[in-house]
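Enquirer: Structure file start_17.cif (mmCIF, C-alpha atoms) right here:
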```
data_structure
loop_
_atom_site.group_PDB
_atom_site.id
_atom_site.type_symbol
_atom_site.label_atom_id
_atom_site.label_comp_id
_atom_site.auth_asym_id
_atom_site.auth_seq_id
_atom_site.Cartn_x
_atom_site.Cartn_y
_atom_site.Cartn_z
ATOM 1 C CA MET J 370 83.472 62.523 54.697
ATOM 2 C CA LEU J 371 82.369 64.702 57.595
ATOM 3 C CA SER J 372 80.456 67.825 56.602
ATOM 4 C CA TYR J 373 80.554 71.359 57.952
ATOM 5 C CA ARG J 374 76.865 71.124 58.875
ATOM 6 C CA GLN J 375 77.342 67.932 60.886
ATOM 7 C CA LEU J 376 80.172 69.438 62.898
ATOM 8 C CA GLU J 377 78.346 72.733 63.354
ATOM 9 C CA HIS J 378 75.224 71.009 64.686
ATOM 10 C CA PHE J 379 77.224 68.734 66.971
ATOM 11 C CA VAL J 380 79.256 71.632 68.421
ATOM 12 C CA THR J 381 76.114 73.689 69.057
ATOM 13 C CA VAL J 382 74.410 70.788 70.865
ATOM 14 C CA ALA J 383 77.593 70.201 72.882
ATOM 15 C CA GLN J 384 77.607 73.858 73.919
ATOM 16 C CA GLU J 385 73.897 74.069 74.746
ATOM 17 C CA LEU J 386 73.512 70.479 76.024
ATOM 18 C CA HIS J 387 69.967 70.683 74.704
ATOM 19 C CA PHE J 388 68.619 69.862 71.239
ATOM 20 C CA SER J 389 65.817 72.422 71.327
ATOM 21 C CA ARG J 390 68.065 75.323 72.367
ATOM 22 C CA ALA J 391 70.655 74.249 69.799
ATOM 23 C CA ALA J 392 67.978 74.244 67.088
ATOM 24 C CA ASP J 393 66.874 77.752 68.091
ATOM 25 C CA LYS J 394 70.442 79.002 67.999
ATOM 26 C CA LEU J 395 70.988 77.506 64.545
ATOM 27 C CA GLY J 396 67.599 78.643 63.270
ATOM 28 C CA VAL J 397 66.527 75.169 62.158
ATOM 29 C CA ALA J 398 64.055 72.511 63.264
ATOM 30 C CA GLN J 399 65.013 70.312 66.209
ATOM 31 C CA SER J 400 64.571 67.222 64.060
ATOM 32 C CA ALA J 401 67.183 68.550 61.612
ATOM 33 C CA VAL J 402 69.706 68.870 64.434
ATOM 34 C CA SER J 403 68.999 65.327 65.627
ATOM 35 C CA VAL J 404 69.430 63.944 62.112
ATOM 36 C CA GLN J 405 72.793 65.664 61.592
ATOM 37 C CA VAL J 406 74.184 64.437 64.922
ATOM 38 C CA GLN J 407 72.931 60.901 64.290
ATOM 39 C CA GLN J 408 74.521 60.843 60.840
ATOM 40 C CA LEU J 409 77.787 62.027 62.361
ATOM 41 C CA GLU J 410 77.706 59.261 64.968
ATOM 42 C CA GLN J 411 76.928 56.670 62.295
ATOM 43 C CA GLN J 412 79.809 57.806 60.116
ATOM 44 C CA LEU J 413 82.247 57.702 63.019
ATOM 45 C CA GLY J 414 80.816 54.511 64.464
ATOM 46 C CA VAL J 415 80.705 55.869 67.999
ATOM 47 C CA ARG J 416 78.190 57.542 70.309
ATOM 48 C CA LEU J 417 79.018 61.177 70.957
ATOM 49 C CA LEU J 418 76.141 62.187 73.244
ATOM 50 C CA GLN J 419 74.419 60.519 76.194
ATOM 51 C CA ARG J 420 70.708 61.106 75.720
ATOM 52 C CA ASN J 421 68.387 60.628 78.667
ATOM 53 C CA LYS J 422 64.889 62.057 78.845
ATOM 54 C CA ARG J 423 65.167 62.518 82.606
ATOM 55 C CA LYS J 424 68.721 63.942 82.657
ATOM 56 C CA PRO J 425 70.524 66.655 80.717
ATOM 57 C CA ILE J 426 72.504 65.674 77.633
ATOM 58 C CA THR J 427 76.159 64.921 78.317
ATOM 59 C CA LEU J 428 79.150 64.256 76.115
ATOM 60 C CA THR J 429 80.692 60.824 75.975
ATOM 61 C CA ASP J 430 84.474 60.457 76.124
ATOM 62 C CA ALA J 431 84.499 60.307 72.343
ATOM 63 C CA GLY J 432 82.279 63.390 72.211
ATOM 64 C CA GLU J 433 84.644 65.313 74.491
ATOM 65 C CA LEU J 434 87.601 64.465 72.245
ATOM 66 C CA LEU J 435 85.748 65.332 69.044
ATOM 67 C CA TYR J 436 84.380 68.610 70.416
ATOM 68 C CA ASP J 437 87.780 70.346 70.683
ATOM 69 C CA GLU J 438 88.809 69.171 67.227
ATOM 70 C CA ALA J 439 85.454 70.114 65.726
ATOM 71 C CA VAL J 440 85.656 73.657 67.134
ATOM 72 C CA ALA J 441 89.137 74.071 65.626
ATOM 73 C CA VAL J 442 87.998 72.685 62.260
ATOM 74 C CA LEU J 443 85.006 75.055 62.131
ATOM 75 C CA ARG J 444 87.245 78.032 62.904
ATOM 76 C CA HIS J 445 89.662 77.029 60.142
ATOM 77 C CA MET J 446 86.813 76.578 57.682
ATOM 78 C CA GLU J 447 85.328 79.956 58.572
ATOM 79 C CA ARG J 448 88.756 81.554 58.172
ATOM 80 C CA ALA J 449 89.221 79.830 54.821
ATOM 81 C CA GLN J 450 85.844 81.125 53.685
ATOM 82 C CA GLN J 451 86.742 84.669 54.746
ATOM 83 C CA ILE J 452 90.079 84.467 52.934
ATOM 84 C CA GLY J 453 88.361 83.119 49.836
ATOM 85 C CA GLN J 454 85.834 85.944 49.873
ATOM 86 C CA LEU J 455 88.575 88.548 50.380
ATOM 87 C CA ALA J 456 90.594 87.016 47.541
ATOM 88 C CA ALA J 457 87.576 87.089 45.238
ATOM 89 C CA GLN J 458 87.173 90.807 46.012
ATOM 90 C CA GLY J 459 90.876 91.528 45.466
ATOM 91 C CA MET J 460 91.351 92.243 49.179
ATOM 92 C CA SER J 461 93.632 89.270 49.821
ATOM 93 C CA GLY J 462 96.325 87.534 47.804
ATOM 94 C CA HIS J 463 99.748 88.390 46.409
ATOM 95 C CA VAL J 464 101.074 91.095 44.067
ATOM 96 C CA LYS J 465 104.639 91.115 42.708
ATOM 97 C CA LEU J 466 105.688 94.550 41.480
ATOM 98 C CA GLY J 467 108.896 95.422 39.642
ATOM 99 C CA TYR J 468 110.224 98.993 39.627
ATOM 100 C CA ILE J 469 113.042 101.109 38.261
ATOM 101 C CA SER J 470 115.030 103.449 40.507
ATOM 102 C CA SER J 471 113.217 106.523 39.176
ATOM 103 C CA ALA J 472 109.979 105.105 40.557
ATOM 104 C CA VAL J 473 111.533 105.731 43.979
ATOM 105 C CA THR J 474 113.076 109.150 43.345
ATOM 106 C CA SER J 475 109.923 110.430 41.597
ATOM 107 C CA GLY J 476 107.739 109.237 44.488
ATOM 108 C CA MET J 477 105.604 107.153 42.125
ATOM 109 C CA LEU J 478 106.315 103.861 43.900
ATOM 110 C CA ALA J 479 105.435 105.208 47.349
ATOM 111 C CA ARG J 480 102.347 106.955 45.981
ATOM 112 C CA VAL J 481 100.969 103.772 44.401
ATOM 113 C CA LEU J 482 101.684 101.604 47.448
ATOM 114 C CA THR J 483 100.209 104.176 49.839
ATOM 115 C CA LYS J 484 96.971 104.486 47.905
ATOM 116 C CA PHE J 485 96.605 100.724 47.469
ATOM 117 C CA ARG J 486 97.114 99.680 51.084
ATOM 118 C CA PRO J 487 93.832 100.893 52.700
ATOM 119 C CA GLY J 488 91.328 98.094 52.281
ATOM 120 C CA HIS J 489 94.016 95.733 50.964
ATOM 121 C CA GLU J 490 95.977 95.058 54.146
ATOM 122 C CA GLN J 491 95.652 91.301 53.554
ATOM 123 C CA VAL J 492 97.385 91.558 50.170
ATOM 124 C CA HIS J 493 101.072 90.612 50.391
ATOM 125 C CA MET J 494 103.125 93.037 48.280
ATOM 126 C CA GLN J 495 106.486 91.873 46.959
ATOM 127 C CA VAL J 496 108.390 94.847 45.535
ATOM 128 C CA LEU J 497 111.458 94.113 43.394
ATOM 129 C CA ALA J 498 114.051 96.547 42.018
ATOM 130 C CA MET J 499 114.457 95.610 38.372
ATOM 131 C CA GLU J 500 115.541 97.445 35.224
ATOM 132 C CA THR J 501 113.158 97.808 32.297
ATOM 133 C CA PRO J 502 114.468 94.987 30.040
ATOM 134 C CA ARG J 503 114.389 92.506 32.919
ATOM 135 C CA GLN J 504 110.896 93.626 33.955
ATOM 136 C CA LEU J 505 109.515 93.007 30.478
ATOM 137 C CA GLN J 506 110.994 89.520 30.488
ATOM 138 C CA ALA J 507 109.684 88.836 33.996
ATOM 139 C CA LEU J 508 106.199 90.029 33.045
ATOM 140 C CA GLN J 509 106.020 87.782 30.021
ATOM 141 C CA GLN J 510 107.248 84.799 32.037
ATOM 142 C CA GLY J 511 104.860 85.465 34.938
ATOM 143 C CA GLU J 512 107.603 86.217 37.465
ATOM 144 C CA ILE J 513 106.033 89.591 38.324
ATOM 145 C CA ASP J 514 102.462 90.863 37.994
ATOM 146 C CA ALA J 515 103.144 94.510 37.160
ATOM 147 C CA GLY J 516 106.049 96.864 36.650
ATOM 148 C CA LEU J 517 106.929 100.555 36.820
ATOM 149 C CA LEU J 518 109.334 100.979 33.924
ATOM 150 C CA ARG J 519 110.433 103.071 30.970
ATOM 151 C CA PRO J 520 107.921 102.901 28.116
ATOM 152 C CA ARG J 521 108.804 101.099 24.900
ATOM 153 C CA ARG J 522 107.537 101.472 21.365
ATOM 154 C CA ARG J 523 106.661 97.768 21.381
ATOM 155 C CA TYR J 524 106.001 95.348 24.226
ATOM 156 C CA PRO J 525 106.238 91.552 24.406
ATOM 157 C CA GLU J 526 103.165 89.629 23.360
ATOM 158 C CA GLY J 527 100.482 89.731 26.056
ATOM 159 C CA VAL J 528 102.012 92.736 27.860
ATOM 160 C CA LYS J 529 100.281 96.102 27.898
ATOM 161 C CA ALA J 530 101.361 99.442 29.397
ATOM 162 C CA VAL J 531 99.932 102.848 30.267
ATOM 163 C CA ILE J 532 101.877 106.064 31.010
ATOM 164 C CA VAL J 533 101.534 107.014 34.686
ATOM 165 C CA HIS J 534 104.233 109.648 35.197
ATOM 166 C CA SER J 535 106.244 112.231 33.287
ATOM 167 C CA GLU J 536 108.850 114.780 34.329
ATOM 168 C CA PRO J 537 111.307 117.198 32.692
ATOM 169 C CA PHE J 538 114.986 116.543 32.088
ATOM 170 C CA MET J 539 117.885 117.993 34.031
ATOM 171 C CA VAL J 540 121.649 118.000 33.521
ATOM 172 C CA ALA J 541 124.052 116.518 36.088
ATOM 173 C CA MET J 542 127.726 117.521 36.119
ATOM 174 C CA ALA J 543 130.713 117.865 38.424
ATOM 175 C CA GLU J 544 130.696 120.774 40.876
ATOM 176 C CA ASN J 545 133.757 122.265 39.146
ATOM 177 C CA HIS J 546 132.351 121.876 35.630
ATOM 178 C CA PRO J 547 132.306 125.184 33.689
ATOM 179 C CA LEU J 548 128.552 124.909 33.123
ATOM 180 C CA ALA J 549 127.933 124.580 36.880
ATOM 181 C CA ARG J 550 128.086 128.386 37.122
ATOM 182 C CA HIS J 551 124.837 128.640 35.145
ATOM 183 C CA GLU J 552 121.467 128.658 36.903
ATOM 184 C CA SER J 553 120.058 126.594 34.034
ATOM 185 C CA ILE J 554 121.500 124.899 30.953
ATOM 186 C CA SER J 555 120.232 125.458 27.420
ATOM 187 C CA VAL J 556 120.524 122.749 24.794
ATOM 188 C CA ALA J 557 122.978 124.993 22.934
ATOM 189 C CA ASP J 558 125.221 125.093 26.043
ATOM 190 C CA LEU J 559 125.714 121.339 25.680
ATOM 191 C CA ARG J 560 127.476 121.625 22.330
ATOM 192 C CA GLY J 561 130.863 119.954 22.537
ATOM 193 C CA GLN J 562 130.158 118.212 25.837
ATOM 194 C CA THR J 563 130.949 114.567 26.515
ATOM 195 C CA PHE J 564 127.812 112.672 27.451
ATOM 196 C CA ILE J 565 127.243 109.732 29.791
ATOM 197 C CA ALA J 566 124.185 107.722 28.736
ATOM 198 C CA PRO J 567 122.299 105.664 31.337
ATOM 199 C CA GLN J 568 121.269 102.902 28.940
ATOM 200 C CA PHE J 569 121.996 99.203 28.545
ATOM 201 C CA VAL J 570 124.586 98.530 25.859
ATOM 202 C CA ASN J 571 122.319 96.123 23.960
ATOM 203 C CA GLU J 572 119.237 98.350 24.205
ATOM 204 C CA SER J 573 118.110 100.312 21.144
ATOM 205 C CA GLU J 574 115.666 102.503 23.104
ATOM 206 C CA GLY J 575 116.445 104.843 25.969
ATOM 207 C CA PHE J 576 118.482 107.894 26.904
ATOM 208 C CA ALA J 577 120.962 107.543 24.044
ATOM 209 C CA GLU J 578 118.046 108.260 21.705
ATOM 210 C CA VAL J 579 117.101 111.273 23.849
ATOM 211 C CA LEU J 580 120.641 112.634 23.509
ATOM 212 C CA ALA J 581 120.486 112.261 19.736
ATOM 213 C CA ARG J 582 117.193 114.180 19.538
ATOM 214 C CA LEU J 583 118.480 116.849 21.930
ATOM 215 C CA ALA J 584 121.597 117.349 19.787
ATOM 216 C CA ASP J 585 119.514 117.501 16.610
ATOM 217 C CA ALA J 586 117.328 120.199 18.196
ATOM 218 C CA ALA J 587 120.410 122.302 18.908
ATOM 219 C CA GLY J 588 122.156 121.521 15.624
ATOM 220 C CA PHE J 589 125.126 119.518 16.888
ATOM 221 C CA SER J 590 126.213 115.902 17.199
ATOM 222 C CA ALA J 591 126.287 114.425 20.714
ATOM 223 C CA ARG J 592 129.509 112.746 21.795
ATOM 224 C CA GLU J 593 128.332 109.752 23.773
ATOM 225 C CA ALA J 594 131.500 108.487 25.459
ATOM 226 C CA TYR J 595 130.039 106.215 28.129
ATOM 227 C CA ARG J 596 127.041 103.912 28.426
ATOM 228 C CA VAL J 597 126.144 102.655 31.885
ATOM 229 C CA ASN J 598 123.263 100.660 33.350
ATOM 230 C CA ASP J 599 121.917 103.117 35.933
ATOM 231 C CA PHE J 600 121.737 106.748 37.050
ATOM 232 C CA VAL J 601 123.877 106.218 40.158
ATOM 233 C CA THR J 602 126.790 105.042 38.034
ATOM 234 C CA ALA J 603 126.191 107.835 35.515
ATOM 235 C CA THR J 604 126.200 110.579 38.140
ATOM 236 C CA SER J 605 129.268 109.057 39.809
ATOM 237 C CA LEU J 606 131.151 109.358 36.516
ATOM 238 C CA ALA J 607 129.843 112.897 36.134
ATOM 239 C CA ALA J 608 131.070 113.806 39.629
ATOM 240 C CA ALA J 609 134.522 112.572 38.641
ATOM 241 C CA GLY J 610 134.551 114.798 35.562
ATOM 242 C CA TYR J 611 133.998 112.173 32.865
ATOM 243 C CA GLY J 612 131.089 114.048 31.266
ATOM 244 C CA VAL J 613 127.561 115.301 31.782
ATOM 245 C CA VAL J 614 124.319 113.349 32.185
ATOM 246 C CA VAL J 615 120.884 114.281 30.861
ATOM 247 C CA LEU J 616 118.486 112.598 33.268
ATOM 248 C CA PRO J 617 115.023 112.845 34.881
ATOM 249 C CA GLU J 618 114.528 115.804 37.218
ATOM 250 C CA SER J 619 113.680 113.598 40.200
ATOM 251 C CA ASN J 620 117.198 112.112 40.245
ATOM 252 C CA ARG J 621 118.453 115.289 41.910
ATOM 253 C CA LEU J 622 117.198 113.645 45.103
ATOM 254 C CA LEU J 623 120.102 111.166 44.895
ATOM 255 C CA HIS J 624 122.305 113.776 46.661
ATOM 256 C CA GLN J 625 125.581 112.348 45.420
ATOM 257 C CA PRO J 626 128.664 114.258 46.620
ATOM 258 C CA GLY J 627 130.401 116.302 43.968
ATOM 259 C CA VAL J 628 127.418 116.501 41.600
ATOM 260 C CA ILE J 629 125.466 119.603 40.560
ATOM 261 C CA PHE J 630 122.034 119.433 38.916
ATOM 262 C CA ARG J 631 120.772 122.158 36.628
ATOM 263 C CA PRO J 632 117.426 122.568 34.784
ATOM 264 C CA LEU J 633 117.531 122.021 31.019
ATOM 265 C CA ARG J 634 116.114 124.804 28.811
ATOM 266 C CA GLY J 635 114.972 124.582 25.215
ATOM 267 C CA PHE J 636 114.052 120.890 25.162
ATOM 268 C CA LYS J 637 110.340 120.203 25.352
ATOM 269 C CA GLU J 638 110.489 116.430 25.746
ATOM 270 C CA THR J 639 109.717 114.815 29.069
ATOM 271 C CA VAL J 640 110.860 111.468 30.427
ATOM 272 C CA GLN J 641 107.996 109.073 31.042
ATOM 273 C CA MET J 642 107.267 106.115 33.254
ATOM 274 C CA ALA J 643 104.752 103.389 32.426
ATOM 275 C CA LEU J 644 102.779 100.835 34.377
ATOM 276 C CA ALA J 645 103.138 97.534 32.514
ATOM 277 C CA TYR J 646 101.128 94.380 33.123
ATOM 278 C CA ARG J 647 99.873 91.201 31.492
ATOM 279 C CA GLU J 648 96.558 91.573 29.722
ATOM 280 C CA ARG J 649 95.328 88.204 30.999
ATOM 281 C CA GLU J 650 95.759 85.777 33.901
ATOM 282 C CA ASN J 651 95.601 88.456 36.572
ATOM 283 C CA SER J 652 94.186 87.593 39.994
ATOM 284 C CA PRO J 653 91.528 89.801 41.641
ATOM 285 C CA ALA J 654 94.239 91.288 43.882
ATOM 286 C CA VAL J 655 96.378 92.186 40.875
ATOM 287 C CA ARG J 656 93.396 93.674 39.054
ATOM 288 C CA ALA J 657 92.588 95.807 42.120
ATOM 289 C CA PHE J 658 96.203 96.984 42.300
ATOM 290 C CA LEU J 659 96.302 97.885 38.600
ATOM 291 C CA ALA J 660 93.073 99.891 38.864
ATOM 292 C CA ILE J 661 94.448 101.953 41.748
ATOM 293 C CA ALA J 662 97.886 102.348 40.165
ATOM 294 C CA ARG J 663 96.314 103.725 36.985
ATOM 295 C CA ASP J 664 94.332 106.208 39.102
ATOM 296 C CA CYS J 665 97.612 107.423 40.631
ATOM 297 C CA ALA J 666 98.891 108.669 37.280
ATOM 298 C CA ASP J 667 100.633 112.006 37.894
ATOM 299 C CA GLN J 668 98.420 113.061 40.802
ATOM 300 C CA ARG J 669 101.130 115.211 42.306
#
```
When written as structure tokens, how does the structure in this file appear?

Expert:
Amino acid sequence: MLSYRQLEHFVTVAQELHFSRAADKLGVAQSAVSVQVQQLEQQLGVRLLQRNKRKPITLTDAGELLYDEAVAVLRHMERAQQIGQLAAQGMSGHVKLGYISSAVTSGMLARVLTKFRPGHEQVHMQVLAMETPRQLQALQQGEIDAGLLRPRRRYPEGVKAVIVHSEPFMVAMAENHPLARHESISVADLRGQTFIAPQFVNESEGFAEVLARLADAAGFSAREAYRVNDFVTATSLAAAGYGVVVLPESNRLLHQPGVIFRPLRGFKETVQMALAYRERENSPAVRAFLAIARDCADQR
């Protein structure tokens, strides 16, 4: 097997056409250069250099052919070494990140990606829109490395999460809804309203629970008529007059026609977003991303 040192010494001699100058350039003894070139010739079974005490060194036909290949090999090896060093420092590699839609509307996704990029330009980011239940499954199965999602009371085995963002609730309703005349909506104003809950039907945690706590705080029972999978669908139903939606403040940026957003008064809870990740088996690039993402927590 040819070695890096053999090729390096041969290429340097071929460039200098002089063993002594090649040795000086490499910072080694001339005898060491001669030995490496001789070993290379012996392994290949062919003479690479024409040596003549009275004439300059020249390359044989075989030496000419090997020189171009050797230069390319050395460049590839140097590049591989650089990539390996960058990967070890978390400055190269791959990161797969899942996110919920509120990570976009809240600016959290852009904030994390913007802060991570300087110094990590060689890291390939794959960013995947994915709801919370699917993200948790993907994390456990190793399909993604991290996720911006809604926090849960319990996480799958091996998955950990930290809160990185919180924001107040708002109420979305049709433009012609009676409550749209108000500058803000109190929890008491919502008595008797029909609610649209952005929550998966088979999920026990989420905005349906928020509605129940909100109604308890105001002393009424929430009428949850519709459950949908996302805020876009929920606000579309609201625009058509099917009910009202209690949702994160940042979703006002959706700018859906026919929808009015109003602040919610008298409800102290906030809606939170978590950064979830596997506790083990993370590459240096993933660990670097997680460290920066945690530092981004609510720096608004």

Enquirer: I'd like the residues picked by the PyMOL selection byres ((chain J and resi 605-617) around 6) written out as a PyMOL selection string, using the chain letters and numbers from the file.

Expert: chain J and resi 538-543+563-565+602-604+618-620+627-628

Enquirer: With distances taken over all atoms listed in the file, which residue among J:Phe636, J:Phe485, J:Tyr373, J:Tyr468 lies nearest His445 of chain J?

Expert: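 Of J:Phe636, J:Phe485, J:Tyr373, J:Tyr468, the one nearest His445 of chain J is J:Tyr373, counting all atoms listed in the file.
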
Enquirer: Please evaluate the PyMOL selection byres ((chain J and resi 657) around 9) against the displayed coordinates and give the resulting residues as a list in words.

Expert: Gln458, Gly459, Met460, Phe485, His489, Ser652, Pro653, Ala654, Val655, Arg656, Phe658, Leu659, Ala660, Ile661 and Ala662 of chain J

Enquirer: May I have the residues within 7 Å of segment 395-403 of chain J as a count of residues only, using all atoms listed in the file and disregarding those fewer than 5 positions away in the same chain?

Expert: 3

Enquirer: Would you work out the distance separating atom CA of Gly462 of chain J from atom CA of Leu371 of chain J, expressed in Å to one decimal?

Expert: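 Going from atom CA of Gly462 of chain J over to atom CA of Leu371 of chain J covers 28.5 Å.
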
Enquirer: Go through J:Asp430, J:Leu518, J:Asn421, J:His624 one by one, measure the shortest atom-to-atom distance of each to Val531 of chain J using all atoms listed in the file, and give the residue with the smallest value.

Expert: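 Under the stated criterion, the closest residue is J:Leu518.
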
Enquirer: With distances taken over all atoms listed in the file, which residue among J:Ala566, J:Leu633, J:Ala584, J:Val601 lies nearest Leu548 of chain J?

Expert: J:Leu633

Enquirer: Around the point (76.1, 66.6, 77.5) in the file's coordinates, collect all residues with an atom within 10 Å, using only C-alpha atoms, and return them as a short mmCIF file (atom, residue, chain, number, x, y, z; two decimals) with C-alpha atoms, keeping the file's coordinate frame.

Expert:
```cif
data_model
loop_
_atom_site.label_atom_id
_atom_site.label_comp_id
_atom_site.auth_asym_id
_atom_site.auth_seq_id
_atom_site.Cartn_x
_atom_site.Cartn_y
_atom_site.Cartn_z
CA VAL J 382 74.41 70.79 70.86
CA ALA J 383 77.59 70.20 72.88
CA GLN J 384 77.61 73.86 73.92
CA GLU J 385 73.90 74.07 74.75
CA LEU J 386 73.51 70.48 76.02
CA HIS J 387 69.97 70.68 74.70
CA LEU J 417 79.02 61.18 70.96
CA LEU J 418 76.14 62.19 73.24
CA GLN J 419 74.42 60.52 76.19
CA ARG J 420 70.71 61.11 75.72
CA ASN J 421 68.39 60.63 78.67
CA LYS J 424 68.72 63.94 82.66
CA PRO J 425 70.52 66.66 80.72
CA ILE J 426 72.50 65.67 77.63
CA THR J 427 76.16 64.92 78.32
CA LEU J 428 79.15 64.26 76.11
CA THR J 429 80.69 60.82 75.97
CA GLY J 432 82.28 63.39 72.21
CA GLU J 433 84.64 65.31 74.49
#
```

Enquirer: Using all atoms listed in the file, which of J:Ser553, J:Gln568, J:Gln562, J:Thr381 sits nearest Ile629 of chain J?

Expert: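 Selected residue with least distance to Ile629 of chain J: J:Ser553.
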
Enquirer: Could you tell me how far atom CA of Arg560 of chain J lies from atom CA of Glu638 of chain J, in Å and to one decimal?

Expert: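 Straight-line distance from atom CA of Arg560 of chain J to atom CA of Glu638 of chain J works out to 18.1 Å.
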
Enquirer: Using only C-alpha atoms, which of the listed residues (J:Val528, J:Ala645, J:Met499, J:Leu508) sits closest to Gly467 of chain J?

Expert: J:Met499

Enquirer: Using the chain letters and numbers from this file, what does the PyMOL selection byres ((chain J and resi 374) around 10) select? Give the answer as a count of residues only.

Expert: 14

Enquirer: Please list as a list in words every residue within 10 Å of Ala587 of chain J, counting all atoms listed in the file and excluding residues in the same chain fewer than 5 positions away.

Expert: Ser555, Val556, Ala557, Asp558, Leu559, Arg560, Arg582, Gly635 and Phe636 of chain J

Enquirer: When distances are computed from all atoms listed in the file, which of J:Gly561, J:Gly476, J:Pro632, J:Pro520 shows the smallest separation from Ala549 of chain J?

Expert: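 Comparing J:Gly561, J:Gly476, J:Pro632, J:Pro520 against Ala549 of chain J, the winner is J:Pro632.
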
Enquirer: Take atom CA of Asp599 of chain J and atom CA of Gln641 of chain J and report the distance between them in Å, one decimal.

Expert: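 Taking atom CA of Asp599 of chain J and atom CA of Gln641 of chain J, their separation equals 15.9 Å.
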
Enquirer: Report as AutoDock Vina command-line options the centre and the edge lengths, in Å to one decimal, of the axis-aligned box holding every listed atom of segment 596-615 of chain J, padded by 3 Å on each side.

Expert:
```
--center_x 127.7 --center_y 108.0 --center_z 34.3 --size_x 19.7 --size_y 20.6 --size_z 17.7
```

Enquirer: What lies within 10 Å of Arg480 of chain J using only C-alpha atoms, ignoring chain neighbours under 2 positions off, as a ChimeraX atom specification?

Expert: /J:472-473,475-478,482-485,662,665-669

Enquirer: Take the point (118.6, 112.9, 18.3) in the file's coordinates, draw a sphere of radius 12 Å around it, and report as a list of chain:residue names every protein, DNA or RNA residue with an atom inside or on it, counting all atoms listed in the file.

Expert: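 Applying the cut-off with all atoms listed in the file, one gets J:Val556, J:Glu574, J:Gly575, J:Phe576, J:Ala577, J:Glu578, J:Val579, J:Leu580, J:Ala581, J:Arg582, J:Leu583, J:Ala584, J:Asp585, J:Ala586, J:Ala587, J:Gly588, J:Phe589, J:Ser590, J:Ala591, J:Arg592, J:Glu593, J:Phe636, J:Glu638.
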